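Here's the structure we're looking at; comments come further down.
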Amino acid sequence: MSDDKNSKKNVIQFALMLSVVCSLLITGAASGLKKLQQENIKLDKKVNILKAANLIDGNNKPAKDVILRLYQEHIKEGMVNQKGQAVKTETDTNILHLYYYHTNNVIDGYILPINTKGLWGKIQGYLAFENDGQTVSGFSVFSHSETPGLGGEIENAWFRKNFKGKKILNSQNKFVSVGIAKGKVKNLPKNLQEHYVDGISGATLTGKYLSEGIKATLTKYEPLSILFRQKDLKTLDN
Amino acid sequence: MTNETTRYKDILFKGIWRENPVAYQVLGICSALAVTVKMSTAIVMGLALTLVTACSSMIISSMRNKIPSNIRIIAELAVIASMVIVTDEILKAFYYDISKQLSIFVGLIITNCIVLGRAEAFALANNPLDSFIDGISNGLGYSLVLISVAFIRELLGAGECLGYQIIPSFIYNAGYQNMGLMLLAPGAFFIIGLLVWFKNSITESKN
């Protein structure tokens, strides 16, 4: 009778039972916790928008109510068309989304969502500019699948803080974007130093993809940046 | 009663030191290469793996008389994979920041040979409580190696320990440089190899 548990009937029965129990367990956990997880993701997005705007320092994560208050007081979501003009409704597919950060409705700058491919998967983050339309004020990463400890360092404060103060225009006022250097910025020629941040050793490709992604995004939003440079945008209109 | 305690102690000692999963059984090397760049990830990975190994070994052991032997590997994997996914979902819902830090590592626990190895080698032949303790001890043994490797790699590769700068800046000014090799997988290979040698030479001289 020791063979009993290995009979065909028992094998199939056991396999079916196990599959049903396991799948119920997983579906239960996934659907039951979905709401909590989505709330966490939403909150994390807001944290990273605030980080890009330097309203949250370093790798800190304040309490939930602080985050929500800061977001409510300082961040406004907006949409612009391809000429950089603000629009109210999504009229066509070429509408660009962005965030303004402001103090009492005076615009301090704007935050662009960066959405690019990385080495292993998508990198999603935010790049913030001052209201002169050319100086980077901050950078943050919301989600990525880069190698932890190497490319994954892009989400850490030491890497992100180097973006602050970099320019996307060169001395002739031509658009050049900002990029991630291969190695240290101090080894680059002087005229390039203000357009690059220190790279991460062991993560050259992550840097390359991120630089390309930033450049592509900035090119798309360039009309808006031009409006900022001309000082046409100062206050939120509502 | 004393007999029981010595047995548990023996199981614990075996997993953590004498038959250490990484150094003696040479299991779980792949993840040991991947997560040992920084101490913090190594610690959390060690904890998560300890929990999963202990729980899955216990569950599999309690079903050991029911699992048909010709589909036992699939059955073990189904249990382990479900456990890992549920853990991941719970982390995402309640400890979002930790889960973000661990990113892909939680999923990687499924592929860790230690979990399956202990289920096969121990849980199928022993009672649930023993299997639970065996899981804990092997998880701790794995963590021990992981944390030692991560300590060396983080110290030599980045000059840090748990994210704090350890090597003072005047040494850098004197010309010292971080060892880039330590941040890459080959660095981990060398260190694991040296650790295994070190551990085995101690155990052997004792015998």
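All residue names refer to the structure tokens as shown: chains lettered A, B, ... in order, residues numbered from 1 in each chain, ligands numbered from 1 in order.
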Val26 of chain B surroundings by only C-alpha atoms, 12 Å radius, close-in-sequence under 5 positions cut, as a ChimeraX atom specification: /B:19-21,31-32,112-114,117,141-142,145,192-193,195-196
Please report as a tab-separated table (two decimals) with N, CA and C atoms, in the first residue's frame which residues of chain A come no farther than 7 Å from chain B, using only C-alpha atoms.
chain	number	residue	atom	x	y	z
A	5	LYS	N	-0.02	6.52	-2.42
A	5	LYS	CA	0.00	7.96	-2.66
A	5	LYS	C	0.57	8.30	-4.03
A	6	ASN	N	1.22	7.30	-4.68
A	6	ASN	CA	1.76	7.55	-6.01
A	6	ASN	C	0.84	7.07	-7.13
A	11	VAL	N	-2.07	11.32	-7.54
A	11	VAL	CA	-1.18	12.36	-8.05
A	11	VAL	C	-2.00	13.52	-8.60
A	22	CYS	N	-3.02	27.08	-3.68
A	22	CYS	CA	-1.99	28.10	-3.92
A	22	CYS	C	-2.56	29.28	-4.69
A	26	ILE	N	-2.78	33.22	-3.49
A	26	ILE	CA	-2.12	34.32	-4.19
A	26	ILE	C	-3.13	35.36	-4.66
A	29	ALA	N	-4.35	37.32	-1.70
A	29	ALA	CA	-3.38	38.32	-1.23
A	29	ALA	C	-3.29	39.49	-2.22
A	30	ALA	N	-3.24	39.16	-3.53
A	30	ALA	CA	-3.04	40.22	-4.51
A	30	ALA	C	-4.24	41.15	-4.58
A	33	LEU	N	-4.98	43.12	-1.15
A	33	LEU	CA	-4.05	44.17	-0.73
A	33	LEU	C	-3.85	45.24	-1.80
A	36	LEU	N	-4.35	49.02	-0.86
A	36	LEU	CA	-3.26	49.55	-0.04
A	36	LEU	C	-2.01	49.79	-0.87
A	37	GLN	N	-1.72	48.84	-1.76
A	37	GLN	CA	-0.51	48.97	-2.58
A	37	GLN	C	-0.59	50.17	-3.50
A	40	ASN	N	0.06	53.30	-1.70
A	40	ASN	CA	1.49	53.47	-1.46
A	40	ASN	C	2.20	54.01	-2.69
A	149	GLY	N	22.74	48.67	-6.14
A	149	GLY	CA	24.15	48.91	-5.79
A	149	GLY	C	24.95	49.46	-6.96
A	202	GLY	N	30.60	51.10	-12.85
A	202	GLY	CA	29.92	49.81	-12.98
A	202	GLY	C	28.53	49.95	-13.56
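DSSP secondary structure from the backbone places Glu160, Cys161, Tyr164 and Gln165 of chain B of chain B in strand (DSSP E or B).
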Take the residues from that selection and write them out as a compact mmCIF listing (two decimals), in the first residue's frame, keeping N, CA and C atoms.
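So the final result, stored in result.txt, reads:
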# COMPACT_ATOMS: atom_id res chain seq x y z
N GLU B 160 32.63 52.26 2.59
CA GLU B 160 31.52 52.50 3.50
C GLU B 160 31.14 51.24 4.26
N CYS B 161 30.35 51.45 5.33
CA CYS B 161 29.79 50.33 6.05
C CYS B 161 28.36 50.69 6.38
N TYR B 164 27.53 54.30 5.73
CA TYR B 164 28.29 55.38 6.37
C TYR B 164 29.74 55.32 5.91
N GLN B 165 30.30 56.48 5.62
CA GLN B 165 31.68 56.53 5.18
C GLN B 165 32.60 56.09 6.32
Filtered DSSP result for segment 14-157 of chain A, state alpha helix (DSSP H), as a count of residues only: 51
Contact residues around Ile191 of chain B with only C-alpha atoms at 10 Å, ignoring same-chain residues under 2 positions, as a ChimeraX atom specification: /B:33,148-150,152-153,182,186-189,193-197
Could you write out that same residue set with C-alpha atoms as a compact mmCIF listing (two decimals), in the first residue's frame?
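Output file result34.txt follows:
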# COMPACT_ATOMS: atom_id res chain seq x y z
CA LEU B 33 26.94 37.41 -5.91
CA SER B 148 30.54 38.96 5.66
CA VAL B 149 30.94 39.17 1.89
CA ALA B 150 28.90 42.39 1.74
CA ILE B 152 34.22 43.30 2.70
CA ARG B 153 32.81 44.41 -0.65
CA MET B 182 34.72 44.78 -5.55
CA PRO B 186 33.94 38.86 -9.97
CA GLY B 187 34.89 40.61 -6.73
CA ALA B 188 32.24 38.58 -4.93
CA PHE B 189 33.55 35.38 -6.51
CA GLY B 193 36.20 31.59 -2.61
CA LEU B 194 38.53 32.95 0.06
CA LEU B 195 35.82 32.65 2.72
CA VAL B 196 35.10 29.02 1.80
CA TRP B 197 38.82 28.26 1.98
Spatial neighbours of Leu169 of chain A, max dist 10 Å, only C-alpha atoms, sep filter under 2 positions, as a ChimeraX atom specification: /A:133-135,166-167,171-178,194-195
